[in-house]
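The next block is input-v8.csv, given as CSV, C-alpha atoms.
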chain,number,residue,atom,x,y,z
A,1,MET,CA,0.0,0.0,0.0
A,2,ALA,CA,1.4,3.4,-1.0
A,3,ARG,CA,2.3,5.8,1.7
A,4,GLN,CA,0.7,9.2,1.4
A,5,PHE,CA,3.9,11.3,1.7
A,6,GLU,CA,6.2,9.0,-0.2
A,7,GLY,CA,9.3,10.9,-1.3
A,8,LYS,CA,7.9,14.3,-0.1
A,9,ALA,CA,10.3,16.7,1.5
A,10,VAL,CA,9.0,18.0,4.8
A,11,LEU,CA,10.4,20.6,7.3
A,12,VAL,CA,9.3,20.4,10.9
A,13,THR,CA,10.4,23.2,13.3
A,14,GLY,CA,10.3,22.6,17.0
A,15,GLY,CA,10.8,18.9,16.1
A,16,SER,CA,13.0,18.1,19.1
A,17,THR,CA,10.2,16.9,21.5
A,18,GLY,CA,6.5,16.7,22.0
A,19,ILE,CA,4.1,17.5,19.1
A,20,GLY,CA,7.0,18.4,16.7
A,21,ARG,CA,8.7,15.0,17.3
A,22,ALA,CA,5.5,13.1,17.1
A,23,THR,CA,4.7,14.8,13.8
A,24,ALA,CA,8.2,14.3,12.3
A,25,LEU,CA,7.9,10.6,13.1
A,26,ALA,CA,4.4,10.4,11.6
A,27,PHE,CA,5.5,12.0,8.4
A,28,ALA,CA,8.4,9.6,8.2
A,29,ARG,CA,6.1,6.6,8.7
A,30,GLU,CA,4.2,7.9,5.7
A,31,GLY,CA,7.3,8.0,3.5
A,32,ALA,CA,8.4,11.6,3.9
A,33,ARG,CA,12.0,12.8,4.0
A,34,VAL,CA,12.1,15.0,7.0
A,35,VAL,CA,14.3,18.0,8.1
A,36,VAL,CA,14.0,18.4,11.9
A,37,ALA,CA,14.8,21.8,13.1
A,38,ALA,CA,15.0,23.2,16.7
A,39,ARG,CA,17.3,25.0,19.1
A,40,ASN,CA,18.2,21.9,21.0
A,41,ALA,CA,20.6,19.9,18.8
A,42,ALA,CA,20.8,16.9,21.0
A,43,ASN,CA,17.0,16.4,21.1
A,44,CYS,CA,16.9,17.0,17.3
A,45,GLU,CA,19.5,14.3,16.8
A,46,GLU,CA,17.4,11.9,18.9
A,47,THR,CA,14.3,12.6,16.8
A,48,VAL,CA,16.4,11.9,13.6
A,49,SER,CA,17.7,8.7,15.1
A,50,MET,CA,14.2,7.6,15.9
A,51,ILE,CA,13.1,8.2,12.3
A,52,LYS,CA,16.1,6.3,10.9
A,53,ALA,CA,15.3,3.4,13.3
A,54,LEU,CA,11.9,3.2,11.5
A,55,GLY,CA,13.8,3.0,8.2
A,56,GLY,CA,13.0,6.6,7.3
A,57,GLU,CA,15.1,9.5,5.9
A,58,ALA,CA,15.8,12.5,8.1
A,59,CYS,CA,18.4,15.1,9.0
A,60,PHE,CA,18.5,17.9,11.6
A,61,VAL,CA,19.3,21.6,11.6
A,62,LYS,CA,20.0,23.6,14.8
A,63,GLY,CA,18.4,27.0,14.6
A,64,ASP,CA,16.3,29.7,16.2
A,65,VAL,CA,13.1,30.6,14.2
A,66,SER,CA,13.3,34.2,15.5
A,67,ARG,CA,16.4,34.7,13.3
A,68,ALA,CA,15.9,35.1,9.6
A,69,SER,CA,19.3,33.6,8.8
A,70,ASP,CA,18.5,30.5,10.8
A,71,VAL,CA,15.2,30.0,9.1
A,72,GLN,CA,16.8,30.5,5.7
A,73,ALA,CA,19.3,27.8,6.6
A,74,MET,CA,16.5,25.4,7.6
A,75,VAL,CA,14.7,25.8,4.3
A,76,ALA,CA,18.0,25.7,2.4
A,77,ARG,CA,19.0,22.4,4.1
A,78,CYS,CA,15.7,20.9,3.0
A,79,VAL,CA,16.2,22.1,-0.6
A,80,GLU,CA,19.9,21.0,-0.8
A,81,THR,CA,19.3,17.6,0.8
A,82,TYR,CA,16.0,16.6,-0.6
A,83,GLY,CA,15.7,18.7,-3.8
A,84,GLY,CA,12.9,21.0,-2.6
A,85,LEU,CA,10.1,21.5,-0.1
A,86,ASP,CA,6.6,20.0,-0.3
A,87,CYS,CA,5.2,20.5,3.2
A,88,ALA,CA,6.1,22.4,6.4
A,89,PHE,CA,4.9,22.2,9.9
A,90,ASN,CA,5.8,25.5,11.7
A,91,ASN,CA,5.6,24.3,15.3
A,92,ALA,CA,8.5,25.9,17.2
A,93,GLY,CA,7.3,27.9,20.1
A,94,VAL,CA,7.8,28.9,23.8
A,95,ALA,CA,5.3,29.4,26.5
A,96,GLY,CA,6.7,32.3,28.6
A,97,THR,CA,5.5,32.7,32.2
A,98,PRO,CA,2.0,31.7,33.0
A,99,PHE,CA,-0.4,33.2,35.6
A,100,VAL,CA,1.1,36.7,35.3
A,101,PRO,CA,-1.4,39.5,34.5
A,102,THR,CA,-0.7,41.8,31.6
A,103,HIS,CA,0.3,44.9,33.6
A,104,GLU,CA,2.9,42.8,35.5
A,105,TYR,CA,4.3,40.9,32.5
A,106,ASP,CA,8.0,41.4,31.9
A,107,GLU,CA,8.8,43.3,28.7
A,108,ALA,CA,11.9,41.3,27.8
A,109,GLU,CA,9.9,38.1,28.1
A,110,TRP,CA,7.1,39.5,26.0
A,111,ASP,CA,9.7,40.2,23.2
A,112,GLN,CA,11.1,36.7,23.4
A,113,VAL,CA,7.7,34.9,23.2
A,114,ILE,CA,6.5,37.2,20.4
A,115,ASN,CA,9.8,36.8,18.5
A,116,ILE,CA,9.8,33.0,18.6
A,117,ASN,CA,6.1,32.2,18.3
A,118,LEU,CA,4.8,35.0,16.0
A,119,LYS,CA,7.8,36.4,14.2
A,120,GLY,CA,9.2,32.9,13.9
A,121,THR,CA,6.0,31.7,12.1
A,122,PHE,CA,6.1,34.8,9.8
A,123,LEU,CA,9.8,34.1,8.9
A,124,CYS,CA,9.0,30.4,8.2
A,125,LEU,CA,6.2,31.4,5.9
A,126,LYS,CA,8.4,34.1,4.3
A,127,TYR,CA,11.1,31.6,3.3
A,128,GLU,CA,8.9,28.4,2.8
A,129,ILE,CA,6.4,29.9,0.4
A,130,PRO,CA,8.9,30.7,-2.4
A,131,GLN,CA,10.1,27.1,-2.3
A,132,LEU,CA,6.6,25.7,-2.5
A,133,LEU,CA,5.9,27.9,-5.5
A,134,LYS,CA,8.9,26.4,-7.2
A,135,ARG,CA,7.3,22.9,-6.6
A,136,GLY,CA,4.0,24.2,-8.1
A,137,GLY,CA,2.3,24.1,-4.6
A,138,GLY,CA,2.3,22.4,-1.3
A,139,ALA,CA,0.9,22.6,2.2
A,140,ILE,CA,1.9,24.4,5.4
A,141,VAL,CA,0.5,24.0,8.9
A,142,ASN,CA,1.2,26.4,11.7
A,143,THR,CA,0.8,25.6,15.4
A,144,SER,CA,-1.5,28.0,17.2
A,145,SER,CA,-3.5,27.0,20.3
A,146,THR,CA,-6.9,27.2,21.9
A,147,ALA,CA,-5.2,30.1,23.7
A,148,GLY,CA,-5.4,31.8,20.3
A,149,LEU,CA,-9.2,31.5,20.2
A,150,ARG,CA,-10.1,32.8,23.7
A,151,ASN,CA,-8.9,34.4,26.9
A,152,ALA,CA,-5.5,33.0,27.6
A,153,SER,CA,-4.7,34.5,31.0
A,154,ALA,CA,-3.7,31.2,32.5
A,155,MET,CA,-0.9,30.9,29.8
A,156,GLY,CA,0.2,34.5,30.0
A,157,THR,CA,-0.5,37.5,27.9
A,158,ALA,CA,2.4,37.1,25.5
A,159,TYR,CA,1.6,33.5,24.7
A,160,GLY,CA,-2.1,34.3,24.0
A,161,ALA,CA,-1.2,37.3,21.8
A,162,SER,CA,1.2,35.3,19.8
A,163,LYS,CA,-1.2,32.4,19.2
A,164,HIS,CA,-4.0,34.8,18.2
A,165,GLY,CA,-1.5,36.4,15.8
A,166,ILE,CA,-0.6,33.0,14.3
A,167,ILE,CA,-4.2,32.5,13.3
A,168,GLY,CA,-4.3,35.9,11.6
A,169,LEU,CA,-1.0,35.1,9.7
A,170,THR,CA,-2.5,31.7,8.7
A,171,LYS,CA,-5.6,33.2,7.2
A,172,THR,CA,-3.8,35.9,5.4
A,173,ALA,CA,-1.2,33.6,3.9
A,174,ALA,CA,-3.9,31.1,2.9
A,175,ALA,CA,-5.9,33.8,1.1
A,176,GLU,CA,-2.8,35.1,-0.7
A,177,ASN,CA,-1.7,31.7,-2.0
A,178,ALA,CA,-5.0,29.8,-2.5
A,179,SER,CA,-4.9,30.3,-6.3
A,180,ARG,CA,-1.2,29.3,-6.4
A,181,GLY,CA,-1.6,25.8,-5.2
A,182,ILE,CA,-0.4,26.4,-1.6
A,183,ARG,CA,-2.7,25.6,1.3
A,184,VAL,CA,-2.0,27.1,4.7
A,185,ASN,CA,-3.8,25.9,7.8
A,186,ALA,CA,-3.4,25.9,11.6
A,187,VAL,CA,-3.9,23.5,14.4
A,188,CYS,CA,-5.1,24.7,17.8
A,189,PRO,CA,-4.2,22.1,20.4
A,190,GLY,CA,-5.7,22.3,23.8
A,191,PHE,CA,-4.1,20.6,26.8
A,192,VAL,CA,-1.5,18.1,25.4
A,193,ASP,CA,0.6,15.7,27.5
A,194,THR,CA,4.1,17.1,26.8
A,195,ARG,CA,7.1,18.2,28.7
A,196,LEU,CA,6.2,21.8,28.0
A,197,SER,CA,2.7,21.7,29.4
A,198,ASP,CA,3.8,19.6,32.3
A,199,GLY,CA,6.5,22.0,33.2
A,200,ILE,CA,4.0,24.9,33.2
A,201,LEU,CA,1.2,23.3,35.0
A,202,SER,CA,3.3,21.5,37.6
A,203,ARG,CA,3.8,24.9,39.2
A,204,ASN,CA,0.2,25.0,40.0
A,205,PRO,CA,-1.3,21.5,40.6
A,206,ALA,CA,-4.7,22.9,41.3
A,207,VAL,CA,-4.9,24.5,37.9
A,208,LYS,CA,-3.6,21.3,36.3
A,209,ALA,CA,-6.3,19.3,38.0
A,210,LYS,CA,-9.0,21.8,37.0
A,211,ILE,CA,-7.9,21.8,33.3
A,212,SER,CA,-7.9,18.0,33.2
A,213,SER,CA,-11.4,17.8,34.7
A,214,SER,CA,-12.7,20.3,32.2
A,215,ILE,CA,-11.9,18.2,29.2
A,216,PRO,CA,-15.1,16.5,27.9
A,217,MET,CA,-13.1,13.5,26.7
A,218,GLY,CA,-11.6,13.2,30.2
A,219,ARG,CA,-7.9,13.3,29.4
A,220,PRO,CA,-5.2,15.5,27.7
A,221,ALA,CA,-4.3,14.8,24.1
A,222,ARG,CA,-1.3,12.7,23.1
A,223,PRO,CA,1.2,14.4,20.8
A,224,GLU,CA,0.4,11.7,18.2
A,225,GLU,CA,-3.2,12.9,18.1
A,226,VAL,CA,-2.2,16.4,17.1
A,227,ALA,CA,0.3,14.9,14.6
A,228,GLY,CA,-2.6,13.1,13.0
A,229,ALA,CA,-4.5,16.4,12.4
A,230,VAL,CA,-1.3,18.0,10.9
A,231,LEU,CA,-0.8,15.1,8.5
A,232,TRP,CA,-4.4,15.2,7.4
A,233,LEU,CA,-4.2,19.0,6.7
A,234,CYS,CA,-1.1,18.3,4.6
A,235,SER,CA,-2.6,15.4,2.7
A,236,ASP,CA,-4.5,15.2,-0.5
A,237,ALA,CA,-7.6,14.3,1.5
A,238,ALA,CA,-7.6,18.0,2.6
A,239,SER,CA,-7.0,19.3,-1.0
A,240,TYR,CA,-9.9,21.9,-0.7
A,241,VAL,CA,-9.1,23.0,2.9
A,242,THR,CA,-7.1,26.2,3.4
A,243,GLY,CA,-7.3,29.0,5.9
A,244,HIS,CA,-8.8,26.5,8.4
A,245,VAL,CA,-8.2,26.5,12.1
A,246,MET,CA,-8.5,23.0,13.4
A,247,VAL,CA,-9.1,22.6,17.1
A,248,VAL,CA,-7.7,19.5,18.7
A,249,ASP,CA,-8.8,19.8,22.3
A,250,GLY,CA,-11.0,16.9,23.3
A,251,GLY,CA,-14.1,19.1,23.2
A,252,ILE,CA,-13.1,22.0,25.5
A,253,MET,CA,-14.0,24.7,23.0
A,254,ALA,CA,-17.3,23.0,22.3
Once you've parsed the file, please lay out its structure as structure tokens.
Amino acid sequence: MARQFEGKAVLVTGGSTGIGRATALAFAREGARVVVAARNAANCEETVSMIKALGGEACFVKGDVSRASDVQAMVARCVETYGGLDCAFNNAGVAGTPFVPTHEYDEAEWDQVININLKGTFLCLKYEIPQLLKRGGGAIVNTSSTAGLRNASAMGTAYGASKHGIIGLTKTAAAENASRGIRVNAVCPGFVDTRLSDGILSRNPAVKAKISSSIPMGRPARPEEVAGAVLWLCSDAASYVTGHVMVVDGGIMA
């Protein structure tokens, strides 16, 4: 049976752990050749090793998505190694400090979160889209959050603002490129069982318990479940889907 991304070249940012790693592995299982990019080289190498253990093709690039030169290098590595770019999952991000009201939020931390989450997504789109145009089209998925769809005070004002902004970027890029064969969508995970969410919520066990009990499906998402949404949005099955914001939250937003 043919795999749905056989021979496709895919870039995954934030691919060192969590949702990014799960998605990189999922693409590889479906035949994609994957460039894994993140700031943590050791974890990136581990993701690549996991892909190769499955019999897949992958390489890693260390880089910071808030720097244009690093993003250019990520995209260039994909083009040089695999001949082009067919799909991208712009997933790199940071959380910042949760539970801090807007008027008390540190300006330097605001800049860091916005630069990585929002500017980083912009830079990825800026350098990915020209390569997709050379291929005659392709698909991009950006990681937003349910915090980009509602009040995000529990996650912090910078995180919420960045994730709202990613949705705006996604819709704009989708409209600009719909007639050129490029589809741009976003996923909005809710509470996902990752090191990042555990690190944030472990500071406040009462909030963690409250969030867990508020999920209609009764549990947090597994990273692989978000990866499944990303692969579908990049697949031919979603050929008429662009500018869409897919919520993957176990029913919270419902």
Exercise. How many Å separate CA of Met253 in chain A from CA of Arg150 in chain A?
Worked result: 9.0 Å
Problem set entry | Long-range neighbours of Trp110 in chain A as a list in words, 9 Å cut-off, all atoms listed in the file, 4 positions minimum in chain | Gly96, Tyr105, Asp106, Ile114, Asn115, Thr157, Ala158 and Tyr159 of chain A
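Nearest to Lys134 in chain A of all the residues A:Leu169, A:Ile116, A:Val12, A:Ile182 is A:Ile182, counting all atoms listed in the file.
Of the residues listed (A:Val141, A:Ile19, A:Ala254, A:Met74), A:Ile19 shows the shortest atom-to-atom separation from Thr47 in chain A; distances use all atoms listed in the file.
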Tell me which protein, DNA and RNA residues are within 10 Å of Ala173 in chain A, counting all atoms listed in the file, leaving out same-chain ones fewer than 5 positions away, and put them as a PDB file with C-alpha atoms, keeping the file's coordinate frame.
ATOM      1  CA  PHE A 122       6.100  34.800   9.800  1.00  0.00           C
ATOM      2  CA  LEU A 125       6.200  31.400   5.900  1.00  0.00           C
ATOM      3  CA  LYS A 126       8.400  34.100   4.300  1.00  0.00           C
ATOM      4  CA  ILE A 129       6.400  29.900   0.400  1.00  0.00           C
ATOM      5  CA  ILE A 140       1.900  24.400   5.400  1.00  0.00           C
ATOM      6  CA  ILE A 167      -4.200  32.500  13.300  1.00  0.00           C
ATOM      7  CA  GLY A 168      -4.300  35.900  11.600  1.00  0.00           C
ATOM      8  CA  ALA A 178      -5.000  29.800  -2.500  1.00  0.00           C
ATOM      9  CA  ILE A 182      -0.400  26.400  -1.600  1.00  0.00           C
ATOM     10  CA  ARG A 183      -2.700  25.600   1.300  1.00  0.00           C
ATOM     11  CA  VAL A 184      -2.000  27.100   4.700  1.00  0.00           C
ATOM     12  CA  ASN A 185      -3.800  25.900   7.800  1.00  0.00           C
ATOM     13  CA  THR A 242      -7.100  26.200   3.400  1.00  0.00           C
ATOM     14  CA  GLY A 243      -7.300  29.000   5.900  1.00  0.00           C
TER      15      GLY A 243
END
For this session: Would you be able to write out as an MDAnalysis selection string which residues have an atom within 8 Å of (9.4, 33.2, 15.0) in the file's coordinates, counting only C-alpha atoms?
Result: chainID A and resid 64:67 92:93 114:124
Prev. selection, C-alpha atoms, output as an mmCIF file, in the frame of the given file:
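Written output follows (selection.cif):
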data_model
loop_
_atom_site.group_PDB
_atom_site.id
_atom_site.type_symbol
_atom_site.label_atom_id
_atom_site.label_comp_id
_atom_site.auth_asym_id
_atom_site.auth_seq_id
_atom_site.Cartn_x
_atom_site.Cartn_y
_atom_site.Cartn_z
ATOM 1 C CA ASP A 64 16.300 29.700 16.200
ATOM 2 C CA VAL A 65 13.100 30.600 14.200
ATOM 3 C CA SER A 66 13.300 34.200 15.500
ATOM 4 C CA ARG A 67 16.400 34.700 13.300
ATOM 5 C CA ALA A 92 8.500 25.900 17.200
ATOM 6 C CA GLY A 93 7.300 27.900 20.100
ATOM 7 C CA ILE A 114 6.500 37.200 20.400
ATOM 8 C CA ASN A 115 9.800 36.800 18.500
ATOM 9 C CA ILE A 116 9.800 33.000 18.600
ATOM 10 C CA ASN A 117 6.100 32.200 18.300
ATOM 11 C CA LEU A 118 4.800 35.000 16.000
ATOM 12 C CA LYS A 119 7.800 36.400 14.200
ATOM 13 C CA GLY A 120 9.200 32.900 13.900
ATOM 14 C CA THR A 121 6.000 31.700 12.100
ATOM 15 C CA PHE A 122 6.100 34.800 9.800
ATOM 16 C CA LEU A 123 9.800 34.100 8.900
ATOM 17 C CA CYS A 124 9.000 30.400 8.200
#
Exercise. Between CA of Gly14 in chain A and CA of Ala38 in chain A, what is the spacing in Å?
Worked result: 4.7 Å
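You will find CA of Lys8 in chain A at 13.8 Å from CA of Glu80 in chain A.
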For this session: List the neighbours of Ala152 in chain A out to 12 Å using all atoms listed in the file; skip same-chain residues closer than 5 positions along the sequence, and give me the result as a list in words.
Result: Ala95, Thr97, Pro98, Phe99, Val100, Pro101, Thr102, Ser145, Thr146, Ala147, Thr157, Ala158, Tyr159, Gly160, Ala161, Ser162, Lys163, His164 and Gly190 of chain A
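Of the residues listed (A:Glu176, A:Glu224, A:Ala9, A:Val113), A:Val113 shows the shortest atom-to-atom separation from Met155 in chain A; distances use all atoms listed in the file.
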For this session: May I ask which of the residues A:Gln131, A:Thr17, A:Asn142, A:Ser69 is the closest one to Val230 in chain A, counting only C-alpha atoms?
Result: A:Asn142
Seminar exercise, completed: Ala58 in chain A proximity check over A:Asn40, A:Ile215, A:Gln72, A:Ala28, using all atoms listed in the file: winner is A:Ala28
Exercise. Quick one: residues within 10 Å of Thr23 in chain A, all atoms listed in the file counted, chain neighbours fewer than 2 positions away excluded, as a VMD selection string?
Worked result: chain A and resid 12 15 17 to 21 25 to 29 89 91 223 to 231
Exercise. Residues around (18.1, 15.9, 1.3), cut-off 10 Å, counting all atoms listed in the file - what are they as a PyMOL selection string?
Worked result: chain A and resi 9-10+33-35+57-59+76-85
Create the file for the chosen residues now, containing C-alpha atoms and written as a PDB file, keeping the file's coordinate frame.
ATOM      1  CA  ALA A   9      10.300  16.700   1.500  1.00  0.00           C
ATOM      2  CA  VAL A  10       9.000  18.000   4.800  1.00  0.00           C
ATOM      3  CA  ARG A  33      12.000  12.800   4.000  1.00  0.00           C
ATOM      4  CA  VAL A  34      12.100  15.000   7.000  1.00  0.00           C
ATOM      5  CA  VAL A  35      14.300  18.000   8.100  1.00  0.00           C
ATOM      6  CA  GLU A  57      15.100   9.500   5.900  1.00  0.00           C
ATOM      7  CA  ALA A  58      15.800  12.500   8.100  1.00  0.00           C
ATOM      8  CA  CYS A  59      18.400  15.100   9.000  1.00  0.00           C
ATOM      9  CA  ALA A  76      18.000  25.700   2.400  1.00  0.00           C
ATOM     10  CA  ARG A  77      19.000  22.400   4.100  1.00  0.00           C
ATOM     11  CA  CYS A  78      15.700  20.900   3.000  1.00  0.00           C
ATOM     12  CA  VAL A  79      16.200  22.100  -0.600  1.00  0.00           C
ATOM     13  CA  GLU A  80      19.900  21.000  -0.800  1.00  0.00           C
ATOM     14  CA  THR A  81      19.300  17.600   0.800  1.00  0.00           C
ATOM     15  CA  TYR A  82      16.000  16.600  -0.600  1.00  0.00           C
ATOM     16  CA  GLY A  83      15.700  18.700  -3.800  1.00  0.00           C
ATOM     17  CA  GLY A  84      12.900  21.000  -2.600  1.00  0.00           C
ATOM     18  CA  LEU A  85      10.100  21.500  -0.100  1.00  0.00           C
TER      19      LEU A  85
END
For this session: Find, counting only C-alpha atoms, the residue in A:Val247, A:Ala154, A:Leu132, A:Ile252 that gets nearest to Ser214 in chain A.
Result: A:Ile252
